[in-house]
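**Q** data27.txt is the file, holding compact mmCIF, C-alpha atoms:
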```txt
# COMPACT_ATOMS: atom_id res chain seq x y z
CA MET A 670 87.30 2.23 60.98
CA ARG A 671 90.12 1.09 63.22
CA ARG A 672 93.25 0.07 61.36
CA PHE A 673 93.73 -3.54 60.34
CA GLU A 674 95.84 -5.67 58.09
CA MET A 675 94.25 -7.49 55.16
CA ILE A 676 95.04 -11.00 53.97
CA LEU A 677 93.94 -12.11 50.51
CA PRO A 678 93.97 -15.94 50.32
CA SER A 679 93.26 -17.72 47.05
CA SER A 680 92.23 -21.09 48.53
CA VAL A 681 90.27 -22.44 51.49
CA ASP A 682 93.48 -23.97 52.87
CA GLU A 683 95.29 -20.63 52.81
CA CYS A 684 92.30 -19.03 54.49
CA VAL A 685 92.12 -21.69 57.22
CA LYS A 686 95.85 -21.27 57.88
CA ALA A 687 95.54 -17.50 58.11
CA LEU A 688 92.65 -17.84 60.56
CA ALA A 689 94.56 -20.39 62.65
CA THR A 690 97.60 -18.09 62.74
CA HIS A 691 95.72 -14.97 63.79
CA GLY A 692 93.10 -16.59 66.03
CA ALA A 693 90.44 -14.43 67.64
CA GLY A 694 91.96 -11.24 66.20
CA ALA A 695 91.01 -12.25 62.67
CA LYS A 696 87.68 -11.80 60.89
CA THR A 697 86.67 -13.06 57.49
CA VAL A 698 84.94 -10.74 55.06
CA ALA A 699 82.84 -11.88 52.11
CA GLY A 700 80.20 -9.33 51.14
CA GLY A 701 81.00 -7.10 54.10
CA THR A 702 77.39 -6.01 54.56
CA ASP A 703 77.29 -7.23 58.17
CA LEU A 704 80.98 -6.88 59.05
CA LEU A 705 81.61 -3.33 57.83
CA PRO A 706 78.80 -1.69 59.81
CA GLN A 707 79.96 -3.66 62.89
CA MET A 708 83.54 -2.47 62.34
CA LYS A 709 82.47 1.12 61.69
CA ASN A 710 80.48 1.08 64.92
CA GLY A 711 83.42 -0.39 66.83
CA LEU A 712 81.44 -3.53 67.74
CA VAL A 713 84.20 -5.70 66.28
CA LYS A 714 87.82 -4.62 66.10
CA PRO A 715 89.78 -7.17 64.09
CA ALA A 716 93.54 -6.82 63.77
CA VAL A 717 93.38 -8.86 60.58
CA VAL A 718 90.66 -9.12 57.95
CA VAL A 719 90.75 -12.15 55.64
CA ASP A 720 88.99 -11.54 52.32
CA LEU A 721 87.22 -14.59 50.88
CA GLY A 722 86.61 -12.87 47.53
CA GLY A 723 89.64 -14.46 45.85
CA ILE A 724 88.64 -18.07 46.63
CA ALA A 725 87.07 -19.54 43.50
CA ALA A 726 85.88 -22.68 45.31
CA LEU A 727 83.53 -20.61 47.48
CA LYS A 728 81.73 -18.99 44.58
CA GLY A 729 78.65 -19.94 42.65
CA VAL A 730 75.63 -22.18 42.83
CA THR A 731 75.69 -25.65 41.30
CA ASN A 732 72.74 -27.90 40.88
CA GLY A 733 73.38 -31.63 40.66
CA ALA A 734 72.42 -34.22 43.24
CA GLY A 735 71.00 -31.49 45.46
CA LEU A 736 71.99 -27.87 45.48
CA ARG A 737 75.51 -26.76 46.35
CA VAL A 738 75.64 -23.12 47.33
CA GLY A 739 79.09 -21.58 47.67
CA ALA A 740 79.59 -19.63 50.89
CA CYS A 741 80.34 -16.56 48.75
CA ALA A 742 77.28 -16.93 46.50
CA THR A 743 75.38 -13.66 46.83
CA ALA A 744 71.79 -13.23 47.91
CA ARG A 745 71.15 -11.69 44.50
CA GLU A 746 72.50 -14.79 42.74
CA LEU A 747 70.12 -17.00 44.72
CA GLU A 748 67.22 -14.61 44.19
CA LEU A 749 67.66 -14.76 40.40
CA HIS A 750 68.94 -18.33 39.91
CA PRO A 751 66.34 -20.11 37.73
CA GLU A 752 66.76 -23.50 39.39
CA VAL A 753 66.67 -22.03 42.91
CA ARG A 754 63.50 -20.12 42.03
CA LYS A 755 61.89 -23.24 40.63
CA ARG A 756 62.97 -26.02 43.00
CA TYR A 757 64.20 -24.22 46.14
CA THR A 758 61.69 -21.39 46.05
CA ALA A 759 61.75 -20.69 49.79
CA LEU A 760 65.47 -19.95 49.52
CA ALA A 761 64.90 -17.58 46.58
CA ASP A 762 62.16 -15.91 48.66
CA GLY A 763 64.49 -15.48 51.64
CA ALA A 764 67.38 -14.22 49.52
CA ALA A 765 65.15 -11.63 47.82
CA LEU A 766 64.26 -10.19 51.24
CA VAL A 767 67.84 -9.41 52.29
CA GLY A 768 68.54 -5.65 52.22
CA SER A 769 68.31 -3.71 48.98
CA VAL A 770 69.60 -4.71 45.55
CA GLN A 771 72.85 -2.85 46.35
CA VAL A 772 73.20 -4.99 49.49
CA ARG A 773 72.06 -8.26 47.87
CA ASN A 774 74.77 -7.95 45.20
CA LEU A 775 77.31 -8.02 48.05
CA ALA A 776 75.68 -10.05 50.84
CA THR A 777 76.56 -13.75 50.76
CA VAL A 778 74.76 -16.81 52.02
CA GLY A 779 77.84 -17.77 54.05
CA GLY A 780 77.90 -14.36 55.68
CA ASN A 781 74.18 -14.43 56.42
CA LEU A 782 74.56 -17.78 58.17
CA CYS A 783 77.89 -17.16 59.93
CA ASN A 784 76.81 -13.74 61.20
CA ALA A 785 74.18 -15.88 62.94
CA ALA A 786 71.72 -13.10 63.65
CA PRO A 787 68.46 -14.56 64.98
CA SER A 788 66.74 -12.69 62.12
CA ALA A 789 68.86 -14.08 59.25
CA ASP A 790 66.50 -14.35 56.27
CA MET A 791 68.28 -17.18 54.47
CA ALA A 792 68.51 -19.44 57.55
CA PRO A 793 64.87 -20.59 57.91
CA PRO A 794 64.52 -21.59 54.22
CA LEU A 795 67.79 -23.53 54.38
CA MET A 796 66.69 -25.25 57.60
CA ALA A 797 63.35 -26.16 56.06
CA LEU A 798 65.26 -27.59 53.08
CA GLU A 799 67.41 -29.64 55.51
CA ALA A 800 70.60 -28.01 54.27
CA GLU A 801 73.98 -28.97 55.66
CA ALA A 802 76.88 -26.62 56.27
CA VAL A 803 80.33 -27.75 55.20
CA ILE A 804 82.74 -26.25 57.72
CA ALA A 805 86.46 -26.15 56.97
CA GLY A 806 89.04 -25.97 59.75
CA PRO A 807 92.67 -26.87 60.43
CA LYS A 808 91.66 -30.50 61.01
CA GLY A 809 89.70 -30.82 57.79
CA GLU A 810 86.08 -30.43 56.82
CA ARG A 811 82.94 -31.58 58.55
CA ARG A 812 79.28 -31.42 57.65
CA VAL A 813 76.78 -30.06 60.13
CA PRO A 814 73.02 -30.02 59.63
CA LEU A 815 71.91 -26.40 59.65
CA SER A 816 69.60 -27.21 62.57
CA ALA A 817 72.77 -27.81 64.65
CA PHE A 818 74.79 -25.00 63.08
CA PHE A 819 73.48 -22.12 65.17
CA THR A 820 74.57 -22.36 68.80
CA GLY A 821 73.55 -18.93 70.08
CA VAL A 822 73.10 -15.29 69.16
CA ARG A 823 75.95 -14.63 66.68
CA GLN A 824 77.44 -18.01 67.54
CA THR A 825 77.95 -20.98 65.25
CA ALA A 826 79.31 -24.51 65.50
CA PRO A 827 83.13 -24.73 65.43
CA PRO A 828 84.96 -26.35 62.47
CA VAL A 829 85.98 -29.46 64.45
CA PRO A 830 84.62 -29.75 67.98
CA PRO A 831 87.10 -29.41 70.86
CA GLU A 832 88.18 -32.70 72.35
CA ALA A 833 87.38 -32.06 76.01
CA GLY A 834 84.06 -33.55 77.04
CA LEU A 835 83.26 -34.72 73.54
CA TYR A 836 83.47 -38.18 72.08
CA VAL A 837 86.08 -38.73 69.41
CA SER A 838 86.39 -41.92 67.45
CA GLY A 839 89.08 -43.48 65.36
CA GLY A 840 89.59 -46.77 63.61
CA SER A 841 92.13 -48.83 61.71
CA TYR A 842 92.24 -52.12 59.78
CA ILE A 843 95.47 -53.89 59.00
CA ARG A 844 95.92 -57.33 57.45
CA HIS A 845 99.02 -59.40 57.05
CA THR A 846 99.74 -60.83 53.61
CA PRO A 847 102.97 -62.06 52.03
CA ARG A 848 102.29 -59.76 49.07
CA ARG A 849 101.12 -56.18 49.45
CA GLU A 850 98.32 -56.40 46.85
CA LEU A 851 96.15 -59.10 45.33
CA ASP A 852 96.54 -61.47 48.25
CA ILE A 853 94.36 -63.04 50.92
CA ALA A 854 94.68 -62.17 54.59
CA VAL A 855 96.71 -64.46 56.76
CA VAL A 856 95.24 -62.42 59.61
CA GLY A 857 93.26 -59.18 59.58
CA VAL A 858 92.44 -56.98 62.58
CA ALA A 859 90.10 -53.98 62.74
CA SER A 860 89.96 -51.74 65.81
CA GLN A 861 87.58 -48.89 66.51
CA VAL A 862 87.93 -46.85 69.70
CA THR A 863 85.86 -44.01 71.10
CA VAL A 864 87.57 -41.73 73.59
CA GLN A 865 86.15 -39.17 75.98
CA ASN A 866 88.31 -37.05 78.28
CA GLY A 867 91.26 -39.33 77.65
CA ARG A 868 89.42 -42.55 78.54
CA CYS A 869 88.23 -45.26 76.21
CA VAL A 870 84.43 -45.39 76.42
CA LYS A 871 84.01 -47.99 73.70
CA ALA A 872 86.34 -50.39 71.95
CA ARG A 873 85.54 -52.86 69.20
CA ILE A 874 88.10 -55.25 67.82
CA ALA A 875 87.28 -57.70 65.02
CA LEU A 876 89.52 -60.43 63.64
CA ALA A 877 89.59 -62.05 60.19
CA SER A 878 91.10 -65.34 59.07
CA VAL A 879 91.44 -66.80 62.55
CA ALA A 880 88.08 -68.60 62.89
CA PRO A 881 85.30 -69.95 60.64
CA THR A 882 83.74 -66.46 60.71
CA PRO A 883 85.07 -62.98 61.46
CA VAL A 884 84.96 -62.67 65.25
CA HIS A 885 85.04 -60.02 67.97
CA ALA A 886 87.86 -60.05 70.51
CA THR A 887 85.42 -59.43 73.35
CA ALA A 888 87.82 -59.96 76.27
CA ALA A 889 90.20 -57.41 74.76
CA GLU A 890 87.34 -54.95 74.19
CA ARG A 891 86.22 -55.23 77.82
CA ALA A 892 89.78 -54.73 79.06
CA LEU A 893 89.99 -51.38 77.28
CA GLU A 894 86.62 -49.85 78.09
CA GLY A 895 86.74 -47.34 80.92
CA GLN A 896 90.54 -47.21 80.83
CA PRO A 897 93.03 -44.67 79.53
CA LEU A 898 94.58 -46.15 76.39
CA THR A 899 98.19 -46.36 77.55
CA PRO A 900 100.74 -48.46 75.59
CA GLU A 901 100.67 -50.98 78.47
CA ARG A 902 96.87 -51.25 78.33
CA ILE A 903 96.99 -51.70 74.55
CA GLU A 904 99.62 -54.45 74.93
CA GLN A 905 97.43 -56.21 77.49
CA ALA A 906 94.43 -56.04 75.13
CA ALA A 907 96.56 -57.38 72.28
CA GLY A 908 97.38 -60.40 74.43
CA LEU A 909 93.71 -60.92 75.31
CA ALA A 910 92.71 -60.69 71.63
CA VAL A 911 94.64 -63.88 71.00
CA GLU A 912 92.05 -65.72 73.15
CA ALA A 913 89.36 -65.00 70.56
CA ALA A 914 91.43 -66.54 67.77
CA LYS A 915 90.81 -70.20 66.94
CA PRO A 916 93.04 -70.45 63.86
CA ILE A 917 93.89 -73.41 61.72
CA SER A 918 97.21 -74.15 60.09
CA ASP A 919 97.17 -74.07 56.30
CA GLN A 920 99.40 -73.11 53.37
CA ARG A 921 99.11 -69.40 54.27
CA GLY A 922 100.33 -69.75 57.82
CA SER A 923 100.46 -71.88 60.91
CA ALA A 924 98.05 -71.50 63.84
CA ASP A 925 100.90 -70.28 66.04
CA PHE A 926 101.97 -67.66 63.48
CA ARG A 927 98.39 -66.49 63.24
CA ARG A 928 98.09 -66.12 67.00
CA HIS A 929 101.29 -64.07 66.94
CA LEU A 930 99.87 -61.89 64.18
CA VAL A 931 96.66 -61.25 66.13
CA ARG A 932 98.70 -59.84 69.01
CA VAL A 933 100.87 -57.67 66.76
CA LEU A 934 98.07 -56.39 64.55
CA THR A 935 95.76 -55.71 67.49
CA ARG A 936 98.47 -53.57 69.07
CA ARG A 937 99.12 -51.75 65.78
CA THR A 938 95.48 -51.10 64.93
CA LEU A 939 94.61 -49.92 68.45
CA THR A 940 97.56 -47.51 68.40
CA ALA A 941 96.56 -46.22 64.96
CA ALA A 942 92.88 -45.95 65.95
CA LEU A 943 93.79 -43.90 69.02
CA ALA A 944 96.01 -41.59 66.98
CA ARG A 945 93.20 -41.10 64.45
CA ALA A 946 90.69 -40.37 67.20
CA ARG A 947 92.99 -37.64 68.46
CA ALA A 948 93.81 -36.26 64.99
CA MET B 1447 99.87 -0.56 58.24
CA PRO B 1448 101.55 -0.39 54.83
CA LYS B 1449 99.51 0.85 51.90
CA GLN B 1450 98.81 -1.62 49.14
CA ILE B 1451 98.36 -1.15 45.43
CA LEU B 1452 94.79 -1.47 44.25
CA SER B 1453 94.72 -2.23 40.52
CA PHE B 1454 91.28 -2.13 38.99
CA THR B 1455 89.24 -0.59 36.21
CA VAL B 1456 87.36 2.62 36.90
CA ASN B 1457 84.96 3.92 34.28
CA GLY B 1458 86.80 1.96 31.61
CA ASP B 1459 90.32 3.07 32.58
CA LYS B 1460 92.95 0.88 34.25
CA VAL B 1461 93.79 2.58 37.52
CA ASP B 1462 96.39 1.88 40.22
CA LEU B 1463 95.74 3.46 43.61
CA LEU B 1464 97.84 3.27 46.75
CA VAL B 1465 95.43 2.62 49.60
CA PRO B 1466 95.61 1.39 53.19
CA PRO B 1467 93.67 -1.86 53.78
CA TYR B 1468 91.15 -0.24 56.11
CA VAL B 1469 89.49 2.17 53.68
CA THR B 1470 86.29 1.51 51.80
CA LEU B 1471 85.88 1.51 48.05
CA LEU B 1472 83.81 4.68 48.46
CA ASP B 1473 86.65 6.47 50.25
CA ALA B 1474 89.22 5.25 47.71
CA LEU B 1475 87.06 6.51 44.84
CA ARG B 1476 86.40 9.88 46.45
CA ASP B 1477 89.73 10.59 48.16
CA GLU B 1478 92.26 8.81 45.94
CA ALA B 1479 90.61 8.73 42.50
CA GLY B 1480 88.94 12.13 42.89
CA LEU B 1481 85.53 10.80 41.91
CA THR B 1482 83.16 12.62 44.25
CA GLY B 1483 79.95 11.56 42.48
CA PRO B 1484 79.32 8.67 44.86
CA LYS B 1485 78.32 10.12 48.24
CA GLU B 1486 78.48 8.86 51.78
CA GLY B 1487 75.04 9.13 53.35
CA CYS B 1488 74.70 6.56 56.10
CA GLY B 1489 77.89 4.54 55.69
CA THR B 1490 76.01 1.36 56.56
CA GLY B 1491 74.41 0.37 53.25
CA ASP B 1492 70.94 1.69 54.00
CA CYS B 1493 70.68 4.87 51.91
CA GLY B 1494 72.18 4.00 48.52
CA ALA B 1495 73.91 7.39 48.02
CA CYS B 1496 77.23 5.55 47.48
CA THR B 1497 75.85 3.21 44.78
CA VAL B 1498 78.36 2.28 42.07
CA HIS B 1499 78.49 -0.65 39.67
CA LEU B 1500 80.95 -3.41 40.59
CA ASP B 1501 81.40 -5.78 37.65
CA GLY B 1502 78.19 -4.34 36.24
CA LYS B 1503 76.09 -4.79 39.39
CA PRO B 1504 74.93 -2.01 41.68
CA VAL B 1505 76.54 -2.20 45.12
CA ALA B 1506 76.83 -0.03 48.21
CA SER B 1507 80.47 1.09 47.89
CA CYS B 1508 80.55 2.09 51.57
CA LEU B 1509 80.33 -1.63 52.47
CA VAL B 1510 83.14 -2.75 50.17
CA LEU B 1511 86.75 -2.64 51.33
CA ALA B 1512 88.82 -0.95 48.65
CA LEU B 1513 91.10 -3.96 48.19
CA GLN B 1514 88.08 -6.19 47.57
CA ALA B 1515 87.74 -4.39 44.23
CA ARG B 1516 91.18 -5.60 43.07
CA GLY B 1517 91.07 -6.78 39.46
CA ARG B 1518 87.42 -5.79 39.14
CA SER B 1519 85.58 -3.16 37.17
CA VAL B 1520 83.91 -0.17 38.82
CA ARG B 1521 81.58 2.32 37.21
CA THR B 1522 80.58 5.53 38.95
CA ILE B 1523 78.18 8.29 37.96
CA GLU B 1524 81.17 9.97 36.29
CA GLY B 1525 81.23 7.06 33.84
CA LEU B 1526 77.51 7.13 33.05
CA GLY B 1527 77.44 10.19 30.79
CA THR B 1528 79.32 13.42 30.20
CA ALA B 1529 78.25 17.06 30.48
CA THR B 1530 77.89 17.25 26.71
CA ALA B 1531 76.51 13.74 26.17
CA LEU B 1532 74.14 12.95 29.01
CA HIS B 1533 72.92 9.42 29.57
CA PRO B 1534 69.19 9.20 28.71
CA LEU B 1535 68.51 8.78 32.44
CA GLN B 1536 70.43 11.97 33.27
CA ASP B 1537 68.66 13.77 30.44
CA ALA B 1538 65.25 12.65 31.72
CA PHE B 1539 66.16 13.57 35.31
CA VAL B 1540 67.06 17.11 34.16
CA ARG B 1541 63.90 17.55 32.11
CA HIS B 1542 61.68 16.23 34.92
CA GLY B 1543 63.47 18.37 37.50
CA VAL B 1544 64.09 15.34 39.65
CA PRO B 1545 67.01 16.64 41.75
CA GLN B 1546 65.99 18.74 44.70
CA CYS B 1547 68.94 18.83 47.09
CA GLY B 1548 70.65 16.39 44.70
CA PHE B 1549 72.59 14.37 47.27
CA CYS B 1550 70.89 11.06 46.50
CA ILE B 1551 70.83 11.52 42.72
CA PRO B 1552 74.15 9.90 41.69
CA GLY B 1553 73.16 6.78 43.61
CA VAL B 1554 69.62 6.76 42.22
CA LEU B 1555 70.94 7.12 38.67
CA MET B 1556 73.34 4.21 39.10
CA ALA B 1557 70.58 2.04 40.57
CA ALA B 1558 68.26 3.06 37.72
CA ALA B 1559 70.94 2.39 35.08
CA ALA B 1560 71.43 -1.13 36.46
CA LEU B 1561 67.67 -1.64 36.48
CA LEU B 1562 67.33 -0.64 32.82
CA GLU B 1563 70.17 -2.96 31.85
CA GLU B 1564 68.16 -5.80 33.38
CA HIS B 1565 64.65 -4.67 32.36
CA ALA B 1566 64.54 -2.57 29.17
CA ALA B 1567 60.86 -1.71 29.74
CA PRO B 1568 60.28 -1.92 33.50
CA THR B 1569 56.86 -1.68 35.10
CA GLU B 1570 56.29 0.95 37.77
CA GLU B 1571 56.56 -1.77 40.39
CA GLN B 1572 59.91 -2.94 38.99
CA ILE B 1573 61.16 0.65 39.00
CA ARG B 1574 60.09 1.23 42.60
CA TYR B 1575 61.67 -2.09 43.63
CA GLY B 1576 64.85 -1.22 41.68
CA ILE B 1577 65.35 2.06 43.54
CA ALA B 1578 64.08 0.75 46.89
CA GLY B 1579 67.66 0.83 48.16
CA ASN B 1580 67.96 4.57 47.59
CA LEU B 1581 66.62 7.02 50.13
CA CYS B 1582 65.67 10.56 49.07
CA ARG B 1583 65.28 12.86 52.06
CA CYS B 1584 63.50 15.34 49.75
CA THR B 1585 61.00 12.52 49.01
CA GLY B 1586 61.17 13.14 45.27
CA TYR B 1587 60.26 9.60 44.27
CA THR B 1588 57.30 10.35 42.00
CA LYS B 1589 59.40 12.33 39.55
CA MET B 1590 62.13 9.70 39.69
CA VAL B 1591 59.68 7.01 38.57
CA ALA B 1592 58.36 9.22 35.76
CA ALA B 1593 61.87 10.10 34.57
CA ILE B 1594 63.07 6.49 34.65
CA THR B 1595 59.97 5.38 32.71
CA GLU B 1596 60.63 8.02 30.09
CA ALA B 1597 64.35 7.22 29.88
CA ALA B 1598 63.52 3.56 29.26
CA GLY B 1599 61.35 4.65 26.34
CA MET B 1600 64.11 6.93 25.00
CA ILE B 1601 66.69 4.13 25.15
CA LYS B 1602 64.26 1.78 23.38
CA LYS B 1603 63.61 4.35 20.65
CA GLY B 1604 67.35 5.02 20.33
CA ALA B 1605 68.00 1.32 19.90
CA ALA B 1606 65.26 1.05 17.25
CA ARG B 1607 66.75 3.87 15.22
```
Using the file provided, produce a representation of the structure as structure tokens.
**A**
Amino acid sequence: MRRFEMILPSSVDECVKALATHGAGAKTVAGGTDLLPQMKNGLVKPAVVVDLGGIAALKGVTNGAGLRVGACATARELELHPEVRKRYTALADGAALVGSVQVRNLATVGGNLCNAAPSADMAPPLMALEAEAVIAGPKGERRVPLSAFFTGVRQTAPPVPPEAGLYVSGGSYIRHTPRRELDIAVVGVASQVTVQNGRCVKARIALASVAPTPVHATAAERALEGQPLTPERIEQAAGLAVEAAKPISDQRGSADFRRHLVRVLTRRTLTAALARARA
Amino acid sequence: MPKQILSFTVNGDKVDLLVPPYVTLLDALRDEAGLTGPKEGCGTGDCGACTVHLDGKPVASCLVLALQARGRSVRTIEGLGTATALHPLQDAFVRHGVPQCGFCIPGVLMAAAALLEEHAAPTEEQIRYGIAGNLCRCTGYTKMVAAITEAAGMIKKGAAR
């Protein structure tokens, strides 16, 4: 085997950081039954190997509301697990077919799936059971149905999809109240924006406490759609949102104050929604 | 690439080995710990000649990176029995004349020992399935099955005594 450095994380976070630091030169190893032959044959030449064996959260099989299979649960564990044999029998069948007992005691379900060989024995049972993969990355976790997990021969879905060409959404709700807690909104504004290639493809802004019912700020929404969400464009939309407000004056605030709040909170929630979409 | 300390238990003894990160458990056992019972046949987990127990379970040690065994317990053929006190499986293998070239035998014995720990009285099918991960180029499987069956009986009798 070519020389490499080994990193031994004890948590998913540490592992994600190590992978982010070392990029394409890093490989994770769980059971090693796919990776080691590939390394010995020179098919993969990692500079860094990250061992998942020390991460307790990835181990084991738990049965509660559905089955949770740790990425490092071994094929042998699934083959012998009483509940898997009884209620998820196809998975026990698939696990029992992986390699020999010496291989099944090492081979993991995460490795079988992430190696993404077209012949992976645990993939069809998990797809038939409508399993979801939980994928951790630098930007957090996401769940992907297994039917969308495999993207090609030895290729799988990324942790969080790249921004270019894909829709990303973010939202924010802020209300104004004299007290922080246990109070009733003088004005509330929720904004939800969807962005593609830097342009807003959809914007929804809803206002509370400025009309007999919660209302959409439709003119503001239309002003944003199709546009890049610059601070100037957001300010313009905030001004247009005021048009949707038909507030009354009462003990919690005057109509004028409420109109002012709509402008301010629309600007703030749109800015926050955009930041969250990009996060 | 600096070497790292691998602390683990081998055949019941606490052992510290200094190993580079890119060696397998098999190589560490053979080259650093001097335990040459486990053999390298294929190096890709197909032949079972490198079988050892890791935390009590049979594994292909050629597919395990040495540092992955940190803090864990490894048992090799050297820990199964001694020259003066053979394990019942070793005893049965000798009496049945199982070894021909002998290269696969340490791995077969470790697979069989794990099998008997799981099934005290295995059927022939369970035995054949249990050693399905061990290839014998001399094709001496029939005697293996007979010897394992007999060893299971010996262990059972020993336990009853």
**Q** At a cut-off of 6 Å, list the chain B residues touching chain A, using only C-alpha atoms, as a PDB file with C-alpha atoms, in the coordinates of the input.
**A**
```pdb
ATOM      1  CA  PRO B1467      93.670  -1.860  53.780  1.00  0.00           C
ATOM      2  CA  TYR B1468      91.150  -0.240  56.110  1.00  0.00           C
ATOM      3  CA  THR B1490      76.010   1.360  56.560  1.00  0.00           C
ATOM      4  CA  PRO B1504      74.930  -2.010  41.680  1.00  0.00           C
ATOM      5  CA  VAL B1505      76.540  -2.200  45.120  1.00  0.00           C
ATOM      6  CA  ALA B1506      76.830  -0.030  48.210  1.00  0.00           C
ATOM      7  CA  LEU B1509      80.330  -1.630  52.470  1.00  0.00           C
ATOM      8  CA  GLY B1579      67.660   0.830  48.160  1.00  0.00           C
TER       9      GLY B1579
END
```
**Q** Rounded to one decimal place, report the atom CA of Gly1502 of chain B-atom CA of Thr1482 of chain B distance in Å.
**A**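 Atom-to-atom, atom CA of Gly1502 of chain B to atom CA of Thr1482 of chain B, that is 19.4 Å.
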**Q** Mind giving me the straight-line distance from atom CA of Glu746 of chain A to atom CA of Glu1564 of chain B in Å, one decimal?
**A** 13.7 Å
**Q** Could you give me, as a list in words, the residues within 10 Å of Ala942 of chain A, counting only C-alpha atoms and dropping anything in the same chain fewer than 3 positions from it?
**A**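 Listed by chain and then number, they are Ser838, Gly839, Gly840, Ser841, Tyr842, Ala859, Ser860, Gln861, Val862, Thr863, Ala872, Arg936, Arg937, Thr938, Leu939, Arg945, Ala946, Arg947 and Ala948 of chain A.
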**Q** Just the number, please: distance in Å from atom CA of Glu894 of chain A to atom CA of Ala906 of chain A, one decimal.
**A** 10.4 Å
**Q** Around all the atoms of segment 1493-1501 of chain B listed in the file, with 3 Å of room on each side, what axis-aligned box do you get, giving centre and edge lengths in Å to one decimal, as lines of an AutoDock Vina configuration file?
**A**
```
center_x = 76.0
center_y = 0.8
center_z = 44.8
size_x = 16.7
size_y = 19.2
size_z = 20.3
```
**Q** Write out as a PyMOL selection string which residues come within 8 Å of segment 1554-1562 of chain B when counting only C-alpha atoms, dropping same-chain ones fewer than 3 positions away.
**A** (chain A and resi 771) or (chain B and resi 1494-1495+1497-1499+1502-1504+1522-1523+1526+1535-1536+1550-1551+1565-1568+1573+1576-1577+1580+1594+1598)
**Q** List the spatial neighbours of Leu1452 of chain B as a list in words - criterion: any atom at most 7 Å away, only C-alpha atoms, same-chain residues fewer than 4 positions off excluded.
**A**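 The neighbour list is Asp1462, Leu1463, Leu1464, Val1465, Leu1513 and Arg1516 of chain B.
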**Q** Reconstruct N, CA and C atoms of segment 900-911 of chain A from the incomplete input and present them as a PDB file, keeping the file's coordinate frame.
**A**
```
ATOM      1  N   PRO A 900     100.074 -47.368  76.335  1.00  0.00           N
ATOM      2  CA  PRO A 900     100.740 -48.460  75.590  1.00  0.00           C
ATOM      3  C   PRO A 900     100.634 -49.782  76.347  1.00  0.00           C
ATOM      4  N   GLU A 901     100.743 -49.741  77.686  1.00  0.00           N
ATOM      5  CA  GLU A 901     100.670 -50.980  78.470  1.00  0.00           C
ATOM      6  C   GLU A 901      99.286 -51.606  78.344  1.00  0.00           C
ATOM      7  N   ARG A 902      98.242 -50.759  78.414  1.00  0.00           N
ATOM      8  CA  ARG A 902      96.870 -51.250  78.330  1.00  0.00           C
ATOM      9  C   ARG A 902      96.617 -51.843  76.936  1.00  0.00           C
ATOM     10  N   ILE A 903      97.143 -51.201  75.927  1.00  0.00           N
ATOM     11  CA  ILE A 903      96.990 -51.700  74.550  1.00  0.00           C
ATOM     12  C   ILE A 903      97.696 -53.059  74.411  1.00  0.00           C
ATOM     13  N   GLU A 904      98.870 -53.183  74.998  1.00  0.00           N
ATOM     14  CA  GLU A 904      99.620 -54.450  74.930  1.00  0.00           C
ATOM     15  C   GLU A 904      98.842 -55.571  75.622  1.00  0.00           C
ATOM     16  N   GLN A 905      98.227 -55.218  76.748  1.00  0.00           N
ATOM     17  CA  GLN A 905      97.430 -56.210  77.490  1.00  0.00           C
ATOM     18  C   GLN A 905      96.243 -56.669  76.632  1.00  0.00           C
ATOM     19  N   ALA A 906      95.574 -55.709  75.986  1.00  0.00           N
ATOM     20  CA  ALA A 906      94.430 -56.040  75.130  1.00  0.00           C
ATOM     21  C   ALA A 906      94.878 -56.906  73.962  1.00  0.00           C
ATOM     22  N   ALA A 907      96.051 -56.598  73.420  1.00  0.00           N
ATOM     23  CA  ALA A 907      96.560 -57.380  72.280  1.00  0.00           C
ATOM     24  C   ALA A 907      96.740 -58.843  72.702  1.00  0.00           C
ATOM     25  N   GLY A 908      97.228 -59.037  73.927  1.00  0.00           N
ATOM     26  CA  GLY A 908      97.380 -60.400  74.430  1.00  0.00           C
ATOM     27  C   GLY A 908      96.036 -61.089  74.598  1.00  0.00           C
ATOM     28  N   LEU A 909      95.047 -60.342  75.110  1.00  0.00           N
ATOM     29  CA  LEU A 909      93.710 -60.920  75.310  1.00  0.00           C
ATOM     30  C   LEU A 909      93.024 -61.238  73.988  1.00  0.00           C
ATOM     31  N   ALA A 910      93.329 -60.455  72.938  1.00  0.00           N
ATOM     32  CA  ALA A 910      92.710 -60.690  71.630  1.00  0.00           C
ATOM     33  C   ALA A 910      93.052 -62.076  71.109  1.00  0.00           C
ATOM     34  N   VAL A 911      94.209 -62.562  71.471  1.00  0.00           N
ATOM     35  CA  VAL A 911      94.640 -63.880  71.000  1.00  0.00           C
ATOM     36  C   VAL A 911      93.654 -64.964  71.458  1.00  0.00           C
TER      37      VAL A 911
END
```
